[in-house]
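Asker: My file is my_file-v8.tsv. It has TSV, C-alpha atoms:
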chain	number	residue	atom	x	y	z
A	1	MET	CA	-53.85	-228.45	-32.69
A	2	LEU	CA	-51.53	-227.89	-35.64
A	3	VAL	CA	-48.58	-225.68	-34.85
A	4	ASN	CA	-46.84	-223.87	-37.67
A	5	ILE	CA	-43.14	-223.66	-36.92
A	6	SER	CA	-41.97	-221.83	-40.04
A	7	LEU	CA	-39.58	-219.00	-39.29
A	8	THR	CA	-37.95	-216.55	-41.66
A	9	THR	CA	-34.43	-217.93	-41.34
A	10	ASN	CA	-33.36	-221.50	-40.99
A	11	THR	CA	-30.45	-221.99	-38.59
A	12	SER	CA	-29.04	-225.11	-37.03
A	13	TYR	CA	-30.26	-223.87	-33.64
A	14	GLU	CA	-33.75	-223.39	-35.04
A	15	ASN	CA	-33.63	-226.86	-36.57
A	16	GLN	CA	-32.61	-228.32	-33.22
A	17	LEU	CA	-35.52	-226.52	-31.51
A	18	ARG	CA	-37.92	-227.92	-34.11
A	19	ILE	CA	-36.60	-231.44	-33.58
A	20	ASP	CA	-36.89	-231.03	-29.80
A	21	VAL	CA	-40.53	-229.91	-30.12
A	22	LEU	CA	-41.32	-232.86	-32.39
A	23	LYS	CA	-39.59	-235.29	-30.02
A	24	ASN	CA	-41.27	-233.82	-26.92
A	25	PRO	CA	-44.54	-232.21	-28.03
A	26	PHE	CA	-45.95	-232.23	-24.48
A	27	ASP	CA	-42.93	-230.70	-22.76
A	28	SER	CA	-43.54	-227.08	-21.81
A	29	ASN	CA	-39.81	-226.26	-21.74
A	30	THR	CA	-39.25	-227.12	-25.40
A	31	HIS	CA	-42.15	-224.89	-26.45
A	32	GLN	CA	-40.88	-222.11	-24.20
A	33	GLU	CA	-37.38	-222.33	-25.70
A	34	LEU	CA	-38.84	-222.10	-29.20
A	35	GLY	CA	-40.94	-219.14	-28.06
A	36	ILE	CA	-37.89	-217.34	-26.72
A	37	TYR	CA	-36.03	-217.96	-29.96
A	38	ALA	CA	-38.98	-216.82	-32.09
A	39	LEU	CA	-39.61	-213.63	-30.12
A	40	SER	CA	-37.30	-211.50	-32.25
A	41	ILE	CA	-38.28	-213.22	-35.51
A	42	ASN	CA	-41.98	-213.96	-35.36
A	43	GLY	CA	-43.98	-212.44	-32.50
A	44	ASN	CA	-47.14	-214.42	-33.27
A	45	LEU	CA	-45.30	-217.72	-33.22
A	46	ALA	CA	-43.58	-216.74	-29.98
A	47	LYS	CA	-46.92	-215.96	-28.34
A	48	GLU	CA	-48.42	-219.25	-29.57
A	49	GLU	CA	-45.47	-221.24	-28.22
A	50	PHE	CA	-45.64	-219.51	-24.83
A	51	THR	CA	-49.40	-220.09	-24.66
A	52	LEU	CA	-48.85	-223.75	-25.44
A	53	ALA	CA	-46.02	-223.94	-22.91
A	54	GLN	CA	-48.26	-222.42	-20.24
A	55	GLU	CA	-51.04	-224.93	-20.90
A	56	LEU	CA	-48.61	-227.84	-20.83
A	57	TYR	CA	-47.02	-226.48	-17.67
A	58	LYS	CA	-50.40	-226.26	-15.92
A	59	ASN	CA	-51.35	-229.76	-17.10
A	60	THR	CA	-48.11	-231.22	-15.79
A	61	PHE	CA	-48.66	-229.88	-12.29
A	62	GLN	CA	-52.41	-230.60	-12.23
A	63	LYS	CA	-51.95	-234.23	-13.26
A	64	ASN	CA	-49.05	-234.80	-10.92
A	65	PRO	CA	-49.08	-232.39	-7.97
A	66	GLN	CA	-46.15	-234.29	-6.47
A	67	THR	CA	-43.89	-233.07	-9.29
A	68	SER	CA	-40.85	-231.54	-7.68
A	69	VAL	CA	-38.61	-228.96	-9.24
A	70	LEU	CA	-35.06	-228.38	-8.09
A	71	GLY	CA	-34.64	-224.67	-7.58
A	72	GLU	CA	-37.10	-222.04	-8.63
A	73	GLU	CA	-39.02	-222.36	-11.88
A	74	SER	CA	-41.11	-219.59	-13.40
A	75	GLN	CA	-44.30	-220.34	-15.24
A	76	PRO	CA	-44.07	-219.72	-18.99
A	77	ILE	CA	-46.60	-216.88	-18.72
A	78	GLU	CA	-44.30	-215.10	-16.24
A	79	VAL	CA	-41.34	-215.53	-18.58
A	80	TRP	CA	-43.45	-214.22	-21.50
A	81	ASN	CA	-44.56	-211.16	-19.52
A	82	SER	CA	-41.00	-210.45	-18.44
A	83	LEU	CA	-39.59	-210.79	-21.97
A	84	THR	CA	-42.28	-208.65	-23.60
A	85	THR	CA	-41.91	-205.97	-20.93
A	86	MET	CA	-38.15	-205.98	-21.44
A	87	ARG	CA	-38.66	-205.78	-25.22
A	88	GLU	CA	-41.03	-202.81	-24.84
A	89	LYS	CA	-38.47	-201.04	-22.65
A	90	ARG	CA	-35.76	-201.62	-25.25
A	91	ILE	CA	-38.03	-200.24	-27.99
A	92	ALA	CA	-38.70	-197.12	-25.89
A	93	GLU	CA	-34.97	-196.78	-25.31
A	94	GLU	CA	-34.36	-197.06	-29.06
A	95	VAL	CA	-36.87	-194.25	-29.68
A	96	TYR	CA	-34.97	-192.09	-27.17
A	97	TRP	CA	-31.64	-192.71	-28.93
A	98	GLU	CA	-33.25	-192.15	-32.33
A	99	THR	CA	-34.53	-188.75	-31.19
A	100	LEU	CA	-31.08	-187.94	-29.89
A	101	SER	CA	-29.37	-188.97	-33.13
A	102	LYS	CA	-31.78	-186.80	-35.13
A	103	ALA	CA	-31.12	-183.82	-32.86
A	104	TYR	CA	-27.34	-184.42	-32.91
A	105	PRO	CA	-26.49	-186.24	-36.15
A	106	ASP	CA	-22.75	-186.24	-35.40
A	107	TYR	CA	-23.19	-187.99	-32.04
A	108	THR	CA	-21.71	-191.40	-32.87
A	109	TYR	CA	-22.62	-193.02	-29.56
A	110	SER	CA	-26.34	-192.66	-30.31
A	111	TYR	CA	-25.92	-194.75	-33.46
A	112	LEU	CA	-23.95	-197.36	-31.53
A	113	LYS	CA	-26.65	-197.60	-28.84
A	114	ARG	CA	-29.37	-197.89	-31.49
A	115	ALA	CA	-27.41	-200.62	-33.29
A	116	GLU	CA	-27.00	-202.52	-30.01
A	117	ILE	CA	-30.72	-202.33	-29.30
A	118	GLU	CA	-31.68	-203.34	-32.85
A	119	LEU	CA	-29.40	-206.37	-32.58
A	120	GLU	CA	-31.10	-207.38	-29.33
A	121	LEU	CA	-34.45	-207.02	-31.06
A	122	GLY	CA	-33.27	-209.25	-33.90
A	123	GLU	CA	-32.99	-206.48	-36.50
A	124	LYS	CA	-29.54	-207.21	-37.92
A	125	LYS	CA	-29.99	-205.24	-41.17
A	126	ILE	CA	-31.11	-202.12	-39.31
A	127	ALA	CA	-28.18	-202.52	-36.92
A	128	GLN	CA	-25.82	-202.75	-39.89
A	129	LYS	CA	-27.21	-199.52	-41.36
A	130	LEU	CA	-26.82	-197.77	-38.02
A	131	LEU	CA	-23.21	-198.93	-37.76
A	132	ASP	CA	-22.63	-197.63	-41.28
A	133	GLN	CA	-24.02	-194.27	-40.16
A	134	ALA	CA	-21.80	-194.33	-37.07
A	135	HIS	CA	-18.82	-195.08	-39.29
A	136	TYR	CA	-19.80	-192.17	-41.55
A	137	THR	CA	-19.97	-189.76	-38.60
A	138	SER	CA	-16.76	-191.05	-37.05
A	139	PRO	CA	-14.62	-193.08	-39.48
A	140	THR	CA	-11.73	-193.45	-37.02
A	141	ASN	CA	-13.84	-194.65	-34.06
A	142	LYS	CA	-12.36	-197.97	-32.86
A	143	GLU	CA	-15.62	-199.26	-31.36
A	144	VAL	CA	-17.43	-198.75	-34.66
A	145	LYS	CA	-14.72	-200.61	-36.57
A	146	ILE	CA	-14.78	-203.52	-34.11
A	147	LEU	CA	-18.58	-203.80	-34.17
A	148	LYS	CA	-18.71	-203.63	-37.98
A	149	LYS	CA	-16.24	-206.53	-38.16
A	150	LEU	CA	-18.31	-208.57	-35.68
A	151	LEU	CA	-21.51	-208.00	-37.61
Kindly return the structure encoded in the file as structure tokens.

Answerer:
Amino acid sequence: MLVNISLTTNTSYENQLRIDVLKNPFDSNTHQELGIYALSINGNLAKEEFTLAQELYKNTFQKNPQTSVLGEESQPIEVWNSLTTMREKRIAEEVYWETLSKAYPDYTYSYLKRAEIELELGEKKIAQKLLDQAHYTSPTNKEVKILKKLL
């Protein structure tokens, strides 16, 4: 199976994940880490990596049932379900704050919340625009100024 690992941006962390996958192609954890990273950038790649991680995870425990894990370890499919559920909740929350900011365009906090959610979802440009809007509605707001500097 050929796995395409091209992502939209090329960071040193991404490069390290790629190297780890190439060094350990049969390790479910490396595929899961790449899947987590890719979730906000490329949903299809994230799903592929989690699917691969799940298969490798099952194979590891089927081939060697004596494999012991220190502490509790979740199967990759459980992690995937948890992350996608959390992402869906954040998207629903963003819709709520968007509705609120349309109803009350001068409510700066709604833009800040939306920017926070967009950042978590990997949408840095949208977050920047929302912070610009927050700055427009409240140019003296200290939180807005701090967040704009951080972004």

Asker: So that I can check the surroundings of segment 36-44 of chain A, please list as a list in words every protein, DNA and RNA residue that reaches within 6 Å of it, counting all atoms listed in the file and ignoring chain neighbours fewer than 3 positions away.

Answerer: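 That gives Glu33, Lys47, Leu121 and Gly122 of chain A.
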
Asker: Counting all atoms listed in the file, what is within 9 Å of Val95 of chain A, bar same-chain residues fewer than 5 positions away, as a ChimeraX atom specification?

Answerer: /A:90,100,114

Asker: Between atom CA of Lys113 of chain A and atom CA of Ala46 of chain A, measure the distance and give it in Å to one decimal.

Answerer: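 The value is 25.6 Å.
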
Asker: Go ahead and compute the interatomic distance for atom CA of Val21 of chain A and atom CA of Gly35 of chain A, in Å to one decimal.

Answerer: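 The value is 11.0 Å.
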
Asker: I'd like the neighbourhood of Gln54 of chain A as a PyMOL selection string, where a residue qualifies if any of its atoms comes within 7 Å (using only C-alpha atoms), though same-chain residues fewer than 2 positions away should be ignored.

Answerer: chain A and resi 28+50-52+56-58+75-77

Asker: What is the atom CA of Lys102 of chain A to atom CA of Glu88 of chain A distance in Å?

Answerer: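 Answer for the atom CA of Lys102 of chain A to atom CA of Glu88 of chain A separation: 21.2 Å.
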
Asker: Please determine an axis-aligned box that encloses all atoms of segment 119-138 of chain A listed in the file, with 8 Å added on each side, and express its centre and edge lengths in Å to one decimal as AutoDock Vina command-line options.

Answerer:
--center_x -25.6 --center_y -199.5 --center_z -35.4 --size_x 33.7 --size_y 35.5 --size_z 28.2

Asker: Taking all atoms listed in the file into account, name the residue in A:Leu17, A:Ala53, A:Ala103, A:Ile146 that is nearest to Leu34 of chain A.

Answerer: A:Leu17

Asker: If we count only C-alpha atoms, what is near Lys125 of chain A at a cut-off of 12 Å, once residues fewer than 4 positions away on the same chain are taken out, given as a ChimeraX atom specification?

Answerer: /A:115-116,118-119,121,129-132,148,151

Asker: Nearest to Ser101 of chain A: which of A:Gln133, A:Asn59, A:Gln128, A:Thr30 is it, counting only C-alpha atoms?

Answerer: A:Gln133

Asker: Check the smallest atom-to-atom distance from each of A:Arg18, A:Arg87, A:Lys23, A:Tyr136 to Tyr111 of chain A using only C-alpha atoms, then report the winner.

Answerer: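 Of A:Arg18, A:Arg87, A:Lys23, A:Tyr136, the one nearest Tyr111 of chain A is A:Tyr136, counting only C-alpha atoms.
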
Asker: Pick out the closest residue to Glu120 of chain A from this set: A:Ile19, A:Glu78, A:Glu93, A:Leu45. Count only C-alpha atoms.

Answerer: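 Nearest to Glu120 of chain A: A:Glu93.
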
Asker: Measuring between all atoms listed in the file, which one of A:Trp80, A:Glu55, A:Leu150, A:Thr60 shows the shortest distance to Ala127 of chain A?

Answerer: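 Looking only at the distances to Ala127 of chain A, the closest residue turns out to be A:Leu150.
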
Asker: For segment 42-53 of chain A, supply N, CA and C atoms and format the output as a PDB file, in the frame of the given file.

Answerer:
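File produced: selection02.pdb:
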ATOM      1  N   ASN A  42     -40.563-213.790 -35.037  1.00  0.00           N
ATOM      2  CA  ASN A  42     -41.980-213.960 -35.360  1.00  0.00           C
ATOM      3  C   ASN A  42     -42.776-213.872 -34.055  1.00  0.00           C
ATOM      4  N   GLY A  43     -43.276-212.679 -33.754  1.00  0.00           N
ATOM      5  CA  GLY A  43     -43.980-212.440 -32.500  1.00  0.00           C
ATOM      6  C   GLY A  43     -45.206-213.323 -32.310  1.00  0.00           C
ATOM      7  N   ASN A  44     -45.946-213.578 -33.383  1.00  0.00           N
ATOM      8  CA  ASN A  44     -47.140-214.420 -33.270  1.00  0.00           C
ATOM      9  C   ASN A  44     -46.776-215.851 -32.908  1.00  0.00           C
ATOM     10  N   LEU A  45     -45.749-216.372 -33.550  1.00  0.00           N
ATOM     11  CA  LEU A  45     -45.300-217.720 -33.220  1.00  0.00           C
ATOM     12  C   LEU A  45     -44.816-217.785 -31.779  1.00  0.00           C
ATOM     13  N   ALA A  46     -44.073-216.775 -31.358  1.00  0.00           N
ATOM     14  CA  ALA A  46     -43.580-216.740 -29.980  1.00  0.00           C
ATOM     15  C   ALA A  46     -44.740-216.792 -28.994  1.00  0.00           C
ATOM     16  N   LYS A  47     -45.767-215.992 -29.242  1.00  0.00           N
ATOM     17  CA  LYS A  47     -46.920-215.960 -28.340  1.00  0.00           C
ATOM     18  C   LYS A  47     -47.635-217.315 -28.329  1.00  0.00           C
ATOM     19  N   GLU A  48     -47.782-217.935 -29.497  1.00  0.00           N
ATOM     20  CA  GLU A  48     -48.420-219.250 -29.570  1.00  0.00           C
ATOM     21  C   GLU A  48     -47.634-220.284 -28.774  1.00  0.00           C
ATOM     22  N   GLU A  49     -46.307-220.264 -28.920  1.00  0.00           N
ATOM     23  CA  GLU A  49     -45.470-221.240 -28.220  1.00  0.00           C
ATOM     24  C   GLU A  49     -45.516-221.022 -26.704  1.00  0.00           C
ATOM     25  N   PHE A  50     -45.537-219.782 -26.271  1.00  0.00           N
ATOM     26  CA  PHE A  50     -45.640-219.510 -24.830  1.00  0.00           C
ATOM     27  C   PHE A  50     -47.005-219.907 -24.292  1.00  0.00           C
ATOM     28  N   THR A  51     -48.052-219.683 -25.078  1.00  0.00           N
ATOM     29  CA  THR A  51     -49.400-220.090 -24.660  1.00  0.00           C
ATOM     30  C   THR A  51     -49.460-221.603 -24.512  1.00  0.00           C
ATOM     31  N   LEU A  52     -48.895-222.292 -25.493  1.00  0.00           N
ATOM     32  CA  LEU A  52     -48.850-223.750 -25.440  1.00  0.00           C
ATOM     33  C   LEU A  52     -48.021-224.220 -24.244  1.00  0.00           C
ATOM     34  N   ALA A  53     -46.881-223.583 -24.036  1.00  0.00           N
ATOM     35  CA  ALA A  53     -46.020-223.940 -22.910  1.00  0.00           C
ATOM     36  C   ALA A  53     -46.745-223.750 -21.581  1.00  0.00           C
TER      37      ALA A  53
END
